[in-house]
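J.: To be precise about what I am sending: the file is called work01.cif and holds mmCIF, C-alpha atoms.
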```
data_model
loop_
_atom_site.group_PDB
_atom_site.id
_atom_site.type_symbol
_atom_site.label_atom_id
_atom_site.label_comp_id
_atom_site.auth_asym_id
_atom_site.auth_seq_id
_atom_site.Cartn_x
_atom_site.Cartn_y
_atom_site.Cartn_z
ATOM 1 C CA MET U 1 -44.068 -55.342 22.998
ATOM 2 C CA GLY U 2 -43.390 -57.398 26.127
ATOM 3 C CA LEU U 3 -40.167 -58.738 27.610
ATOM 4 C CA THR U 4 -36.957 -59.040 25.649
ATOM 5 C CA ILE U 5 -33.495 -60.378 26.420
ATOM 6 C CA GLY U 6 -30.307 -58.398 26.011
ATOM 7 C CA VAL U 7 -26.966 -60.159 25.568
ATOM 8 C CA ASP U 8 -23.597 -58.643 26.425
ATOM 9 C CA ILE U 9 -20.565 -60.501 25.063
ATOM 10 C CA GLY U 10 -17.589 -59.875 27.330
ATOM 11 C CA GLY U 11 -14.037 -61.120 27.236
ATOM 12 C CA THR U 12 -14.548 -63.529 30.137
ATOM 13 C CA LYS U 13 -18.323 -63.943 30.375
ATOM 14 C CA ILE U 14 -21.490 -63.679 28.310
ATOM 15 C CA ALA U 15 -24.408 -62.161 30.194
ATOM 16 C CA ALA U 16 -28.057 -62.361 29.196
ATOM 17 C CA GLY U 17 -30.803 -60.448 30.980
ATOM 18 C CA VAL U 18 -34.575 -60.231 30.734
ATOM 19 C CA VAL U 19 -35.509 -56.558 30.412
ATOM 20 C CA ASP U 20 -38.959 -54.963 30.610
ATOM 21 C CA GLU U 21 -40.170 -51.934 28.681
ATOM 22 C CA GLU U 22 -39.049 -49.576 31.474
ATOM 23 C CA GLY U 23 -35.461 -50.793 31.279
ATOM 24 C CA ASN U 24 -35.606 -52.917 34.433
ATOM 25 C CA ILE U 25 -33.561 -56.140 34.468
ATOM 26 C CA LEU U 26 -35.789 -58.905 35.818
ATOM 27 C CA SER U 27 -33.398 -61.845 35.673
ATOM 28 C CA THR U 28 -29.913 -62.643 34.405
ATOM 29 C CA HIS U 29 -27.832 -65.637 33.445
ATOM 30 C CA GLN U 30 -24.096 -65.740 32.784
ATOM 31 C CA VAL U 31 -21.846 -68.283 31.126
ATOM 32 C CA PRO U 32 -18.073 -68.249 30.517
ATOM 33 C CA THR U 33 -16.920 -66.881 27.164
ATOM 34 C CA PRO U 34 -15.533 -69.781 25.089
ATOM 35 C CA GLY U 35 -12.407 -69.495 23.001
ATOM 36 C CA THR U 36 -13.913 -70.350 19.611
ATOM 37 C CA PRO U 37 -16.407 -68.443 17.433
ATOM 38 C CA GLU U 38 -18.805 -71.366 17.219
ATOM 39 C CA GLY U 39 -18.498 -71.937 20.955
ATOM 40 C CA ILE U 40 -19.528 -68.331 21.541
ATOM 41 C CA VAL U 41 -22.695 -68.849 19.504
ATOM 42 C CA ASP U 42 -23.553 -71.872 21.645
ATOM 43 C CA ALA U 43 -22.784 -69.904 24.806
ATOM 44 C CA ILE U 44 -25.075 -67.035 23.729
ATOM 45 C CA ALA U 45 -27.893 -69.533 23.248
ATOM 46 C CA ALA U 46 -27.189 -71.108 26.646
ATOM 47 C CA ALA U 47 -27.222 -67.695 28.351
ATOM 48 C CA VAL U 48 -30.514 -66.797 26.664
ATOM 49 C CA ASP U 49 -32.076 -70.116 27.642
ATOM 50 C CA GLY U 50 -30.944 -69.651 31.238
ATOM 51 C CA ALA U 51 -32.313 -66.125 31.508
ATOM 52 C CA ARG U 52 -35.678 -66.821 29.864
ATOM 53 C CA VAL U 53 -36.826 -69.426 32.404
ATOM 54 C CA GLY U 54 -40.190 -68.347 33.793
ATOM 55 C CA HIS U 55 -40.618 -65.479 31.332
ATOM 56 C CA GLU U 56 -42.492 -65.038 28.065
ATOM 57 C CA ILE U 57 -39.877 -63.549 25.718
ATOM 58 C CA VAL U 58 -40.657 -61.804 22.422
ATOM 59 C CA GLY U 59 -37.130 -61.159 21.141
ATOM 60 C CA VAL U 60 -33.389 -61.047 21.753
ATOM 61 C CA GLY U 61 -30.904 -58.235 21.184
ATOM 62 C CA ILE U 62 -27.181 -59.060 21.047
ATOM 63 C CA GLY U 63 -24.480 -56.437 21.555
ATOM 64 C CA ALA U 64 -21.404 -57.447 19.571
ATOM 65 C CA ALA U 65 -18.056 -55.636 19.510
ATOM 66 C CA GLY U 66 -17.535 -55.213 15.803
ATOM 67 C CA TYR U 67 -18.998 -53.973 12.548
ATOM 68 C CA VAL U 68 -22.639 -55.053 12.221
ATOM 69 C CA ASN U 69 -24.609 -54.716 8.990
ATOM 70 C CA ARG U 70 -27.546 -52.344 8.704
ATOM 71 C CA GLN U 71 -29.998 -55.254 8.632
ATOM 72 C CA ARG U 72 -28.863 -56.123 12.192
ATOM 73 C CA SER U 73 -28.118 -59.696 11.242
ATOM 74 C CA THR U 74 -24.448 -60.173 10.349
ATOM 75 C CA VAL U 75 -21.162 -59.235 12.003
ATOM 76 C CA TYR U 76 -18.931 -58.050 9.166
ATOM 77 C CA PHE U 77 -15.819 -58.027 11.327
ATOM 78 C CA ALA U 78 -15.062 -58.445 15.037
ATOM 79 C CA PRO U 79 -11.614 -57.442 16.298
ATOM 80 C CA ASN U 80 -11.513 -59.836 19.259
ATOM 81 C CA ILE U 81 -13.453 -62.792 17.855
ATOM 82 C CA ASP U 82 -12.689 -64.549 14.588
ATOM 83 C CA TRP U 83 -15.984 -63.474 13.047
ATOM 84 C CA ARG U 84 -15.885 -62.470 9.384
ATOM 85 C CA ASN U 85 -19.324 -62.019 7.773
ATOM 86 C CA GLU U 86 -20.727 -64.090 10.632
ATOM 87 C CA PRO U 87 -24.509 -64.731 10.253
ATOM 88 C CA LEU U 88 -25.025 -64.384 13.996
ATOM 89 C CA GLN U 89 -28.752 -63.644 13.852
ATOM 90 C CA GLU U 90 -29.488 -66.781 11.848
ATOM 91 C CA LYS U 91 -27.400 -69.027 14.095
ATOM 92 C CA VAL U 92 -28.812 -67.782 17.411
ATOM 93 C CA GLU U 93 -32.394 -67.835 16.111
ATOM 94 C CA ALA U 94 -31.902 -71.470 15.098
ATOM 95 C CA ARG U 95 -30.683 -72.369 18.595
ATOM 96 C CA THR U 96 -33.219 -70.373 20.636
ATOM 97 C CA GLY U 97 -36.329 -70.248 18.470
ATOM 98 C CA LEU U 98 -36.640 -66.516 19.181
ATOM 99 C CA PRO U 99 -36.407 -63.468 16.906
ATOM 100 C CA VAL U 100 -32.902 -61.991 17.196
ATOM 101 C CA VAL U 101 -31.332 -58.663 16.257
ATOM 102 C CA VAL U 102 -27.601 -57.970 16.387
ATOM 103 C CA GLU U 103 -26.299 -54.523 17.327
ATOM 104 C CA ASN U 104 -22.868 -53.011 17.717
ATOM 105 C CA ASP U 105 -22.177 -53.055 21.465
ATOM 106 C CA ALA U 106 -21.348 -49.325 21.689
ATOM 107 C CA ASN U 107 -24.564 -48.500 19.817
ATOM 108 C CA ALA U 108 -26.471 -50.680 22.260
ATOM 109 C CA ALA U 109 -24.902 -48.940 25.256
ATOM 110 C CA ALA U 110 -25.634 -45.528 23.742
ATOM 111 C CA TRP U 111 -29.262 -46.469 23.212
ATOM 112 C CA GLY U 112 -29.545 -47.764 26.770
ATOM 113 C CA GLU U 113 -28.263 -44.463 28.158
ATOM 114 C CA TYR U 114 -30.504 -42.455 25.826
ATOM 115 C CA ARG U 115 -33.640 -44.371 26.759
ATOM 116 C CA PHE U 116 -33.138 -45.110 30.433
ATOM 117 C CA GLY U 117 -30.054 -43.256 31.691
ATOM 118 C CA ALA U 118 -28.300 -39.935 31.281
ATOM 119 C CA GLY U 119 -29.919 -39.192 27.914
ATOM 120 C CA LYS U 120 -33.528 -39.154 29.094
ATOM 121 C CA GLY U 121 -35.198 -35.954 27.956
ATOM 122 C CA HIS U 122 -32.803 -35.393 25.033
ATOM 123 C CA ARG U 123 -33.607 -35.874 21.335
ATOM 124 C CA ASN U 124 -30.065 -35.478 20.008
ATOM 125 C CA VAL U 125 -27.168 -36.993 21.918
ATOM 126 C CA ILE U 126 -23.747 -38.346 21.088
ATOM 127 C CA CYS U 127 -22.353 -41.047 23.352
ATOM 128 C CA ILE U 128 -18.713 -41.978 23.677
ATOM 129 C CA THR U 129 -17.347 -44.878 25.675
ATOM 130 C CA LEU U 130 -13.904 -44.361 27.162
ATOM 131 C CA GLY U 131 -12.663 -47.799 28.055
ATOM 132 C CA THR U 132 -9.764 -49.901 26.842
ATOM 133 C CA GLY U 133 -10.568 -48.359 23.463
ATOM 134 C CA LEU U 134 -13.023 -45.661 22.379
ATOM 135 C CA GLY U 135 -16.464 -46.288 20.922
ATOM 136 C CA GLY U 136 -19.702 -44.417 20.585
ATOM 137 C CA GLY U 137 -23.225 -44.018 19.314
ATOM 138 C CA ILE U 138 -25.300 -41.386 17.516
ATOM 139 C CA ILE U 139 -28.909 -40.607 18.432
ATOM 140 C CA ILE U 140 -30.404 -37.846 16.290
ATOM 141 C CA GLY U 141 -34.117 -37.088 16.257
ATOM 142 C CA ASN U 142 -34.769 -39.875 18.771
ATOM 143 C CA LYS U 143 -33.331 -42.485 16.392
ATOM 144 C CA LEU U 144 -30.127 -44.506 16.507
ATOM 145 C CA ARG U 145 -28.166 -43.607 13.396
ATOM 146 C CA ARG U 146 -26.225 -46.575 12.071
ATOM 147 C CA GLY U 147 -25.240 -45.203 8.651
ATOM 148 C CA HIS U 148 -25.931 -46.665 5.226
ATOM 149 C CA PHE U 149 -23.911 -49.853 5.820
ATOM 150 C CA GLY U 150 -24.558 -50.033 9.564
ATOM 151 C CA VAL U 151 -21.048 -49.158 10.730
ATOM 152 C CA ALA U 152 -21.348 -45.484 11.697
ATOM 153 C CA ALA U 153 -20.030 -44.013 14.975
ATOM 154 C CA GLU U 154 -16.691 -45.820 15.017
ATOM 155 C CA PHE U 155 -15.354 -42.695 16.672
ATOM 156 C CA GLY U 156 -12.249 -44.358 18.049
ATOM 157 C CA HIS U 157 -10.865 -44.695 14.537
ATOM 158 C CA ILE U 158 -11.199 -41.089 13.462
ATOM 159 C CA ARG U 159 -7.651 -40.064 12.543
ATOM 160 C CA MET U 160 -6.746 -37.306 14.988
ATOM 161 C CA VAL U 161 -3.015 -37.221 14.200
ATOM 162 C CA PRO U 162 -1.794 -37.739 10.614
ATOM 163 C CA ASP U 163 0.954 -40.391 10.658
ATOM 164 C CA GLY U 164 0.469 -40.694 14.416
ATOM 165 C CA LEU U 165 0.626 -43.713 16.687
ATOM 166 C CA MET U 166 -0.136 -47.100 15.182
ATOM 167 C CA CYS U 167 -3.577 -48.441 16.041
ATOM 168 C CA GLY U 168 -4.737 -52.026 16.303
ATOM 169 C CA CYS U 169 -7.083 -51.352 13.390
ATOM 170 C CA GLY U 170 -4.062 -50.957 11.101
ATOM 171 C CA SER U 171 -4.284 -47.191 10.718
ATOM 172 C CA GLN U 172 -2.253 -44.452 12.399
ATOM 173 C CA GLY U 173 -3.209 -41.588 14.675
ATOM 174 C CA CYS U 174 -6.660 -42.891 15.661
ATOM 175 C CA TRP U 175 -8.493 -41.009 18.412
ATOM 176 C CA GLU U 176 -8.478 -44.011 20.758
ATOM 177 C CA GLN U 177 -4.703 -44.005 20.756
ATOM 178 C CA TYR U 178 -4.896 -40.654 22.560
ATOM 179 C CA ALA U 179 -8.138 -40.879 24.565
ATOM 180 C CA SER U 180 -8.656 -44.332 26.099
ATOM 181 C CA GLY U 181 -7.593 -46.502 29.001
ATOM 182 C CA ARG U 182 -4.579 -47.706 27.043
ATOM 183 C CA ALA U 183 -3.572 -44.111 26.330
ATOM 184 C CA LEU U 184 -3.904 -43.156 29.997
ATOM 185 C CA VAL U 185 -1.538 -45.936 31.069
ATOM 186 C CA ARG U 186 0.934 -44.956 28.354
ATOM 187 C CA TYR U 187 0.900 -41.323 29.484
ATOM 188 C CA ALA U 188 1.511 -42.326 33.090
ATOM 189 C CA LYS U 189 4.362 -44.670 32.246
ATOM 190 C CA GLN U 190 6.071 -42.067 30.068
ATOM 191 C CA ARG U 191 5.779 -39.358 32.699
ATOM 192 C CA ALA U 192 6.839 -41.595 35.570
ATOM 193 C CA ASN U 193 9.887 -42.652 33.592
ATOM 194 C CA ALA U 194 10.813 -39.038 32.813
ATOM 195 C CA THR U 195 10.177 -37.586 36.305
ATOM 196 C CA PRO U 196 9.983 -40.387 38.875
ATOM 197 C CA GLU U 197 10.266 -37.845 41.684
ATOM 198 C CA ASN U 198 6.788 -36.611 40.698
ATOM 199 C CA ALA U 199 5.324 -40.112 40.723
ATOM 200 C CA GLU U 200 6.359 -41.490 44.091
ATOM 201 C CA LEU U 201 2.846 -42.448 45.157
ATOM 202 C CA LEU U 202 1.915 -43.805 41.740
ATOM 203 C CA LEU U 203 5.037 -45.965 41.552
ATOM 204 C CA SER U 204 4.527 -47.249 45.093
ATOM 205 C CA LEU U 205 1.141 -48.683 44.152
ATOM 206 C CA GLY U 206 2.704 -51.007 41.580
ATOM 207 C CA ASP U 207 6.050 -52.762 41.592
ATOM 208 C CA GLY U 208 8.028 -49.539 41.909
ATOM 209 C CA THR U 209 8.798 -49.241 38.187
ATOM 210 C CA PRO U 210 6.976 -47.385 35.397
ATOM 211 C CA ASP U 211 6.312 -50.690 33.630
ATOM 212 C CA GLY U 212 4.332 -51.855 36.660
ATOM 213 C CA ILE U 213 1.782 -49.028 36.445
ATOM 214 C CA GLU U 214 -1.808 -50.120 35.804
ATOM 215 C CA GLY U 215 -4.983 -48.150 35.261
ATOM 216 C CA LYS U 216 -6.243 -48.731 38.809
ATOM 217 C CA HIS U 217 -2.994 -47.330 40.205
ATOM 218 C CA ILE U 218 -3.419 -44.108 38.203
ATOM 219 C CA SER U 219 -6.945 -43.628 39.521
ATOM 220 C CA MET U 220 -5.931 -44.189 43.147
ATOM 221 C CA ALA U 221 -2.891 -41.943 42.858
ATOM 222 C CA ALA U 222 -4.745 -39.140 41.071
ATOM 223 C CA ARG U 223 -7.372 -39.001 43.802
ATOM 224 C CA GLN U 224 -4.545 -38.442 46.286
ATOM 225 C CA GLY U 225 -2.941 -35.713 44.198
ATOM 226 C CA ASP U 226 -0.012 -37.552 42.649
ATOM 227 C CA PRO U 227 1.286 -35.047 40.052
ATOM 228 C CA VAL U 228 2.033 -37.577 37.314
ATOM 229 C CA ALA U 229 -1.305 -39.343 37.727
ATOM 230 C CA VAL U 230 -3.232 -36.056 37.659
ATOM 231 C CA ASP U 231 -1.303 -34.826 34.629
ATOM 232 C CA SER U 232 -1.962 -38.113 32.809
ATOM 233 C CA TYR U 233 -5.711 -37.647 33.247
ATOM 234 C CA ARG U 234 -5.408 -34.076 31.997
ATOM 235 C CA GLU U 235 -3.620 -35.250 28.870
ATOM 236 C CA LEU U 236 -6.289 -37.854 28.164
ATOM 237 C CA ALA U 237 -8.993 -35.237 28.768
ATOM 238 C CA ARG U 238 -7.295 -32.781 26.420
ATOM 239 C CA TRP U 239 -7.610 -35.256 23.554
ATOM 240 C CA ALA U 240 -11.091 -36.413 24.547
ATOM 241 C CA GLY U 241 -12.413 -32.848 24.696
ATOM 242 C CA ALA U 242 -10.817 -31.898 21.391
ATOM 243 C CA GLY U 243 -12.553 -34.854 19.757
ATOM 244 C CA LEU U 244 -15.916 -33.857 21.236
ATOM 245 C CA ALA U 245 -15.464 -30.376 19.755
ATOM 246 C CA ASP U 246 -15.035 -31.971 16.320
ATOM 247 C CA LEU U 247 -18.140 -34.121 16.855
ATOM 248 C CA ALA U 248 -20.086 -30.999 17.849
ATOM 249 C CA SER U 249 -19.230 -29.491 14.467
ATOM 250 C CA LEU U 250 -20.644 -32.595 12.791
ATOM 251 C CA PHE U 251 -23.745 -33.372 14.855
ATOM 252 C CA ASP U 252 -24.558 -30.366 17.103
ATOM 253 C CA PRO U 253 -26.049 -32.489 19.921
ATOM 254 C CA SER U 254 -27.662 -31.132 23.058
ATOM 255 C CA ALA U 255 -25.503 -33.430 25.173
ATOM 256 C CA PHE U 256 -22.473 -35.658 25.084
ATOM 257 C CA ILE U 257 -22.764 -38.721 27.317
ATOM 258 C CA VAL U 258 -19.432 -40.101 28.457
ATOM 259 C CA GLY U 259 -19.503 -43.774 29.425
ATOM 260 C CA GLY U 260 -17.047 -46.631 29.691
ATOM 261 C CA GLY U 261 -14.766 -47.519 32.569
ATOM 262 C CA LEU U 262 -13.017 -44.156 32.673
ATOM 263 C CA SER U 263 -16.327 -42.367 33.261
ATOM 264 C CA ASP U 264 -16.476 -44.121 36.646
ATOM 265 C CA GLU U 265 -13.854 -41.600 37.786
ATOM 266 C CA GLY U 266 -16.511 -38.878 37.688
ATOM 267 C CA GLU U 267 -15.334 -35.278 37.821
ATOM 268 C CA LEU U 268 -11.696 -36.364 37.897
ATOM 269 C CA VAL U 269 -12.031 -36.982 34.178
ATOM 270 C CA LEU U 270 -15.226 -35.107 33.238
ATOM 271 C CA ASP U 271 -14.205 -31.662 34.462
ATOM 272 C CA PRO U 272 -11.013 -31.477 32.362
ATOM 273 C CA ILE U 273 -12.875 -32.967 29.372
ATOM 274 C CA ARG U 274 -15.429 -30.138 29.585
ATOM 275 C CA LYS U 275 -12.675 -27.547 29.749
ATOM 276 C CA SER U 276 -10.887 -29.019 26.745
ATOM 277 C CA TYR U 277 -14.148 -29.310 24.804
ATOM 278 C CA LYS U 278 -14.954 -25.635 25.364
ATOM 279 C CA ARG U 279 -11.366 -24.677 24.542
ATOM 280 C CA TRP U 280 -11.503 -26.331 21.114
ATOM 281 C CA LEU U 281 -15.151 -25.731 20.214
ATOM 282 C CA VAL U 282 -15.304 -23.420 17.207
ATOM 283 C CA GLY U 283 -17.145 -20.233 18.178
ATOM 284 C CA GLY U 284 -17.493 -21.557 21.700
ATOM 285 C CA ASN U 285 -17.851 -18.103 23.226
ATOM 286 C CA TRP U 286 -20.764 -17.215 20.943
ATOM 287 C CA ARG U 287 -22.820 -20.388 20.561
ATOM 288 C CA PRO U 288 -24.800 -22.757 22.790
ATOM 289 C CA VAL U 289 -22.555 -25.414 24.322
ATOM 290 C CA ALA U 290 -23.707 -29.011 24.709
ATOM 291 C CA ASP U 291 -23.665 -30.568 28.164
ATOM 292 C CA VAL U 292 -20.963 -33.146 28.857
ATOM 293 C CA ILE U 293 -22.463 -35.600 31.324
ATOM 294 C CA ALA U 294 -21.576 -38.948 32.849
ATOM 295 C CA ALA U 295 -23.354 -42.122 31.824
ATOM 296 C CA GLN U 296 -25.643 -43.522 34.510
ATOM 297 C CA LEU U 297 -26.173 -47.198 33.730
ATOM 298 C CA GLY U 298 -22.588 -48.405 34.070
ATOM 299 C CA ASN U 299 -21.912 -51.860 32.691
ATOM 300 C CA LYS U 300 -25.657 -52.537 32.380
ATOM 301 C CA ALA U 301 -26.079 -50.065 29.510
ATOM 302 C CA GLY U 302 -25.171 -52.470 26.717
ATOM 303 C CA LEU U 303 -27.425 -55.275 27.924
ATOM 304 C CA VAL U 304 -30.389 -52.975 28.557
ATOM 305 C CA GLY U 305 -29.893 -51.132 25.279
ATOM 306 C CA ALA U 306 -29.608 -54.325 23.228
ATOM 307 C CA ALA U 307 -32.791 -55.671 24.787
ATOM 308 C CA ASP U 308 -34.685 -52.453 24.045
ATOM 309 C CA LEU U 309 -33.411 -52.325 20.474
ATOM 310 C CA ALA U 310 -34.898 -55.775 19.938
ATOM 311 C CA ARG U 311 -38.273 -53.986 20.206
ATOM 312 C CA GLU U 312 -37.344 -51.365 17.604
ATOM 313 C CA PRO U 313 -38.660 -51.761 14.028
ATOM 314 C CA ASP U 314 -36.252 -52.887 11.322
ATOM 315 C CA PRO U 315 -34.233 -49.754 10.460
ATOM 316 C CA ILE U 316 -34.340 -50.684 6.762
ATOM 317 C CA MET U 317 -38.118 -50.277 6.668
#
```
Take the structure in the file and give it back as C-alpha cells.
T.:
Amino acid sequence: MGLTIGVDIGGTKIAAGVVDEEGNILSTHQVPTPGTPEGIVDAIAAAVDGARVGHEIVGVGIGAAGYVNRQRSTVYFAPNIDWRNEPLQEKVEARTGLPVVVENDANAAAWGEYRFGAGKGHRNVICITLGTGLGGGIIIGNKLRRGHFGVAAEFGHIRMVPDGLMCGCGSQGCWEQYASGRALVRYAKQRANATPENAELLLSLGDGTPDGIEGKHISMAARQGDPVAVDSYRELARWAGAGLADLASLFDPSAFIVGGGLSDEGELVLDPIRKSYKRWLVGGNWRPVADVIAAQLGNKAGLVGAADLAREPDPIM
C-alpha cells in the first residue's frame, strides 16, 4: 500500500508523521495547536504538507479525541474541541488532495500497539489508556471493533459506581473518575490532607500543601516509598483491575495492553493492577487469565496506528 501519514492532535501541538508498512516513522512535522476548530483543520493540513515533503503518500489517518462515525469521516462530538458533526475527512482531503480517514485517537493507539507494539502475536486484545482520562480499543479476530455507530470502546464512561462522582461527560460514577491521572491526584490530595505525617516526602516535592500535589510528585514519591503516594497508586490500581475483570467477562481477550502516561510507571502501577484484576475476575482460580502488559510504543502509538489504519479497507464494506 505504500507510505501513509498519521496525525496526532494534541492539546499544544499537532504532529504528523510518515509511516511505512512496518510501523517505522520516516519523517515528522509539528505545528502548534490553534484555538479554533477551523484553525485546527488548517493546522492538520499544514502538518501533513510538512511531513510529506520528499515522500510519495497514499493516504492520511487522523486520530481525533472524540466520537467518530463508523464511516471514518465525521467527528460526532469532541470534548476538547468545538466539533459537532464535523466533516473532518472532507475538509482535510480538500486541503491536502490526499485520501483521509478519521479514527478515534484511543482506537488508533490500540491498533498501533496491536500491530507494532505489545500486541504483536495476539488476535484478541483489549487496550486501555490510563492518562488524564481513560480510553481504550477493542481488537477481536485481528480487527478493530468500532461498533455499529463507530463509538465503541469508550471504556472511561462505563458507570462503575451508581450515583458516584460527577464526570465531565455529564454522567456520574464513570470508570475514569476512579482510574485515571485525575483520580490518582485526587487520591493523593485526600490522603495527604487526612494524614500529612504519612506524606512528608510527597508534600515536600510540591508547595508543602495537599493542593500543591501534582502527578509527577506522586510518581517520584512512590518510587521512594512515600506511604501516601504508594497507597494512592494502589487505590487507582484497585479500580483499574476491577474494570479489567469486567471487560474480561465481555470480551475474553488473551491480553490487556495498558498504555497512556500512567503506564510509564511500569510495575509500580502494573503489578497492583494485575493483582486487582485477578482478585475480581469471576472464576479466576479455575479459568485462563489474560496477560496484563505494558504498552511499548509510548506517545507514538496513536500516530503510527492512525497511519496504518489509513491502509485498512473501509470497515463498512
J.: Select from range 223-310 of chain U every residue with an atom at most 9 Å from any atom of range 96-102 of chain U, then for each give the shortest pair of atoms and their distance in Å to one decimal, using only C-alpha atoms, rows by chain and rising number, as JSON lines.
T.:
```
{"residue": "U:Ala306", "atom": "CA", "partner": "U:Val102", "partner_atom": "CA", "distance": 8.0}
{"residue": "U:Leu309", "atom": "CA", "partner": "U:Val101", "partner_atom": "CA", "distance": 7.9}
{"residue": "U:Ala310", "atom": "CA", "partner": "U:Val101", "partner_atom": "CA", "distance": 5.9}
```
J.: Please evaluate the PyMOL selection byres ((chain U and resi 278-281) around 12) against the structure above and give the resulting residues as number ranges by chain.
T.: U: 237-250, 252, 271-277, 282-292
J.: Could you work out how far CA of Thr4 in chain U lies from CA of Gly23 in chain U, giving the answer in Å with one decimal?
T.: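 Computed distance, CA of Gly23 in chain U to CA of Thr4 in chain U, equals 10.1 Å.
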J.: Using only C-alpha atoms, pick whichever of U:Pro196, U:Val161, U:Tyr114, U:Gly261 has the shortest atom-to-atom distance to Ser219 in chain U.
T.: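 Closest to Ser219 in chain U of all the choices is U:Gly261.
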J.: Would you write out, as a PDB file with C-alpha atoms, in the frame of the given file, every residue that the PyMOL selection byres ((chain U and resi 124) around 10) captures in this file?
T.:
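Final output, result38.pdb:
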```pdb
ATOM      1  CA  TYR U 114     -30.504 -42.455  25.826  1.00  0.00           C
ATOM      2  CA  GLY U 119     -29.919 -39.192  27.914  1.00  0.00           C
ATOM      3  CA  GLY U 121     -35.198 -35.954  27.956  1.00  0.00           C
ATOM      4  CA  HIS U 122     -32.803 -35.393  25.033  1.00  0.00           C
ATOM      5  CA  ARG U 123     -33.607 -35.874  21.335  1.00  0.00           C
ATOM      6  CA  VAL U 125     -27.168 -36.993  21.918  1.00  0.00           C
ATOM      7  CA  ILE U 126     -23.747 -38.346  21.088  1.00  0.00           C
ATOM      8  CA  ILE U 138     -25.300 -41.386  17.516  1.00  0.00           C
ATOM      9  CA  ILE U 139     -28.909 -40.607  18.432  1.00  0.00           C
ATOM     10  CA  ILE U 140     -30.404 -37.846  16.290  1.00  0.00           C
ATOM     11  CA  GLY U 141     -34.117 -37.088  16.257  1.00  0.00           C
ATOM     12  CA  ASN U 142     -34.769 -39.875  18.771  1.00  0.00           C
ATOM     13  CA  LYS U 143     -33.331 -42.485  16.392  1.00  0.00           C
ATOM     14  CA  LEU U 144     -30.127 -44.506  16.507  1.00  0.00           C
ATOM     15  CA  PHE U 251     -23.745 -33.372  14.855  1.00  0.00           C
ATOM     16  CA  ASP U 252     -24.558 -30.366  17.103  1.00  0.00           C
ATOM     17  CA  PRO U 253     -26.049 -32.489  19.921  1.00  0.00           C
ATOM     18  CA  SER U 254     -27.662 -31.132  23.058  1.00  0.00           C
ATOM     19  CA  ALA U 255     -25.503 -33.430  25.173  1.00  0.00           C
ATOM     20  CA  PHE U 256     -22.473 -35.658  25.084  1.00  0.00           C
TER      21      PHE U 256
END
```
J.: Quick one: residues within 10 Å of (-23.2, -42.4, 20.3) (file frame), counting all atoms listed in the file, please, as a ChimeraX atom specification.
T.: /U:106-111,113-114,124-129,135-140,144-146,152-155,256-259
J.: In the coordinate frame of the file, compute which residues have an atom within 9 Å of (-10.8, -61.2, 23.0) when using all atoms listed in the file, and state them as a list of chain:residue names.
T.: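 Checking each residue against the 9 Å limit leaves U:Gly10, U:Gly11, U:Thr12, U:Gly35, U:Pro79, U:Asn80, U:Ile81.
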J.: So, counting all atoms listed in the file, which residue among U:Val7, U:Ala295, U:Val151, U:Leu130 is closest to Asn69 in chain U?
T.: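 Ranked by minimum distance to Asn69 in chain U, first place goes to U:Val151.
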J.: What does the PyMOL selection byres ((chain U and resi 77) around 12) select in this file, as a ChimeraX atom specification?
T.: /U:64-69,74-76,78-88,104,150-151,169
